[in-house]
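Asker: Following this line is entry-v3.pdb, made up of PDB, C-alpha atoms, pLDDT in the B column:
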ATOM      1  CA  MET J   1     119.854 136.586 124.880  1.00 59.00           C
ATOM      2  CA  GLN J   2     119.288 132.838 124.489  1.00 78.00           C
ATOM      3  CA  GLN J   3     117.153 133.432 121.431  1.00 86.00           C
ATOM      4  CA  LEU J   4     120.082 134.534 119.255  1.00 86.00           C
ATOM      5  CA  PRO J   5     121.840 131.129 119.143  1.00 84.00           C
ATOM      6  CA  ILE J   6     118.519 129.387 118.501  1.00 87.00           C
ATOM      7  CA  VAL J   7     117.650 131.780 115.669  1.00 86.00           C
ATOM      8  CA  LEU J   8     121.119 131.346 114.141  1.00 87.00           C
ATOM      9  CA  LEU J   9     120.821 127.558 114.353  1.00 87.00           C
ATOM     10  CA  VAL J  10     117.417 127.576 112.650  1.00 83.00           C
ATOM     11  CA  LEU J  11     118.568 129.958 109.907  1.00 78.00           C
ATOM     12  CA  SER J  12     121.750 127.995 109.216  1.00 79.00           C
ATOM     13  CA  THR J  13     119.775 124.745 109.067  1.00 78.00           C
ATOM     14  CA  LEU J  14     117.347 126.264 106.578  1.00 67.00           C
ATOM     15  CA  ALA J  15     120.185 127.683 104.480  1.00 69.00           C
ATOM     16  CA  LEU J  16     122.035 124.359 104.306  1.00 68.00           C
ATOM     17  CA  THR J  17     119.039 122.310 103.157  1.00 68.00           C
ATOM     18  CA  GLY J  18     119.535 123.542  99.573  1.00 64.00           C
ATOM     19  CA  CYS J  19     123.263 122.804  99.472  1.00 63.00           C
ATOM     20  CA  PRO J  20     123.269 119.152  98.306  1.00 62.00           C
ATOM     21  CA  SER J  21     121.896 120.125  94.918  1.00 67.00           C
ATOM     22  CA  GLU J  22     124.670 122.673  94.501  1.00 70.00           C
ATOM     23  CA  PHE J  23     127.690 121.237  96.295  1.00 67.00           C
ATOM     24  CA  GLY J  24     126.919 117.529  96.683  1.00 68.00           C
ATOM     25  CA  ARG J  25     128.256 114.733  94.524  1.00 75.00           C
ATOM     26  CA  GLY J  26     126.733 115.226  91.088  1.00 77.00           C
ATOM     27  CA  GLY J  27     125.608 118.733  91.981  1.00 80.00           C
ATOM     28  CA  ARG J  28     125.947 121.746  89.740  1.00 82.00           C
ATOM     29  CA  ILE J  29     129.291 122.858  91.154  1.00 80.00           C
ATOM     30  CA  ASP J  30     130.682 119.310  91.126  1.00 81.00           C
ATOM     31  CA  ARG J  31     129.855 118.978  87.427  1.00 84.00           C
ATOM     32  CA  ALA J  32     131.398 122.383  86.667  1.00 86.00           C
ATOM     33  CA  VAL J  33     134.628 121.461  88.454  1.00 85.00           C
ATOM     34  CA  HIS J  34     134.742 118.154  86.588  1.00 83.00           C
ATOM     35  CA  LYS J  35     134.259 119.878  83.238  1.00 82.00           C
ATOM     36  CA  ASP J  36     136.944 122.471  84.018  1.00 84.00           C
ATOM     37  CA  GLY J  37     139.341 119.705  85.007  1.00 80.00           C
ATOM     38  CA  GLN J  38     138.751 117.898  81.731  1.00 74.00           C
ATOM     39  CA  GLU J  39     139.366 121.068  79.748  1.00 75.00           C
ATOM     40  CA  GLN J  40     142.609 121.781  81.588  1.00 77.00           C
ATOM     41  CA  LEU J  41     143.863 118.244  81.057  1.00 74.00           C
ATOM     42  CA  GLY J  42     143.054 118.401  77.362  1.00 63.00           C
ATOM     43  CA  ILE J  43     140.589 115.506  77.372  1.00 60.00           C
ATOM     44  CA  LYS J  44     138.901 115.414  73.993  1.00 62.00           C
ATOM     45  CA  SER J  45     135.169 115.322  73.486  1.00 67.00           C
ATOM     46  CA  CYS J  46     133.420 112.378  71.877  1.00 79.00           C
ATOM     47  CA  SER J  47     131.585 112.494  68.581  1.00 82.00           C
ATOM     48  CA  ASP J  48     128.038 113.815  68.661  1.00 83.00           C
ATOM     49  CA  ALA J  49     126.577 110.423  67.714  1.00 84.00           C
ATOM     50  CA  TYR J  50     128.436 108.571  70.487  1.00 83.00           C
ATOM     51  CA  LYS J  51     127.648 111.293  72.991  1.00 82.00           C
ATOM     52  CA  LYS J  52     123.954 111.087  72.136  1.00 83.00           C
ATOM     53  CA  GLU J  53     124.069 107.295  72.494  1.00 84.00           C
ATOM     54  CA  VAL J  54     125.658 107.258  75.965  1.00 83.00           C
ATOM     55  CA  CYS J  55     123.919 110.354  77.359  1.00 85.00           C
ATOM     56  CA  GLU J  56     120.388 110.049  75.976  1.00 85.00           C
ATOM     57  CA  GLY J  57     119.806 106.540  74.670  1.00 75.00           C
ATOM     58  CA  PRO J  58     118.121 103.617  76.399  1.00 80.00           C
ATOM     59  CA  GLN J  59     121.569 102.255  77.315  1.00 80.00           C
ATOM     60  CA  ARG J  60     122.505 105.486  79.062  1.00 82.00           C
ATOM     61  CA  ASP J  61     125.797 105.375  80.958  1.00 81.00           C
ATOM     62  CA  ASP J  62     126.451 108.357  83.217  1.00 81.00           C
ATOM     63  CA  GLN J  63     130.175 107.639  83.609  1.00 80.00           C
ATOM     64  CA  LYS J  64     130.771 107.462  79.847  1.00 80.00           C
ATOM     65  CA  CYS J  65     128.656 110.573  79.393  1.00 80.00           C
ATOM     66  CA  LEU J  66     130.866 112.443  81.875  1.00 78.00           C
ATOM     67  CA  GLU J  67     133.997 111.192  80.083  1.00 76.00           C
ATOM     68  CA  CYS J  68     132.722 112.673  76.843  1.00 75.00           C
ATOM     69  CA  GLY J  69     132.399 116.088  78.392  1.00 64.00           C
TER      70      GLY J  69
END
Show me, as structure tokens, the structure contained in the file I just sent.

Answerer:
Amino acid sequence: MQQLPIVLLVLSTLALTGCPSEFGRGGRIDRAVHKDGQEQLGIKSCSDAYKKEVCEGPQRDDQKCLECG
């Protein structure tokens, strides 16, 4: 009977090890929520050239890239 809580603890620990990539700051779900929020607020996207500069260039700026959408 004592094995059940131990098994549940081990399984829950194993299941939660993958969560930071999904739910953590900068994770997939966090980015999706941010994008949805921008769309609902009507924040406009940046031009393709500016977006490429701040998202891919050598002077990459993650905050500005997020603001562009």

Asker: For J:Lys52, which of J:Gln40, J:Ile29, J:Cys68, J:Ile6 is the closest residue, counting all atoms listed in the file?

Answerer: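 Result for the nearest residue to J:Lys52: J:Cys68.
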
Asker: Rounded to one decimal in Å, what is the spacing between atom CA of J:Arg25 and atom CA of J:Ala49?

Answerer: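 Between these atoms lies a distance of 27.2 Å.
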
Asker: In Å, rounded to a single decimal, give me how far atom CA of J:Ser12 is from atom CA of J:Asp36.

Answerer: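 Value for the atom CA of J:Asp36-atom CA of J:Ser12 distance: 29.9 Å.
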
Asker: Please indicate the distance in Å from atom CA of J:Glu56 to atom CA of J:Arg28, rounded to one decimal place.

Answerer: 18.9 Å

Asker: Can you translate the PyMOL selection byres ((chain J and resi 50) around 12) into the concrete residues it hits in this file, as a list in words?

Answerer: Ser45, Cys46, Ser47, Asp48, Ala49, Lys51, Lys52, Glu53, Val54, Cys55, Glu56, Gly57, Gln59, Arg60, Asp61, Lys64, Cys65, Glu67, Cys68 and Gly69 of chain J
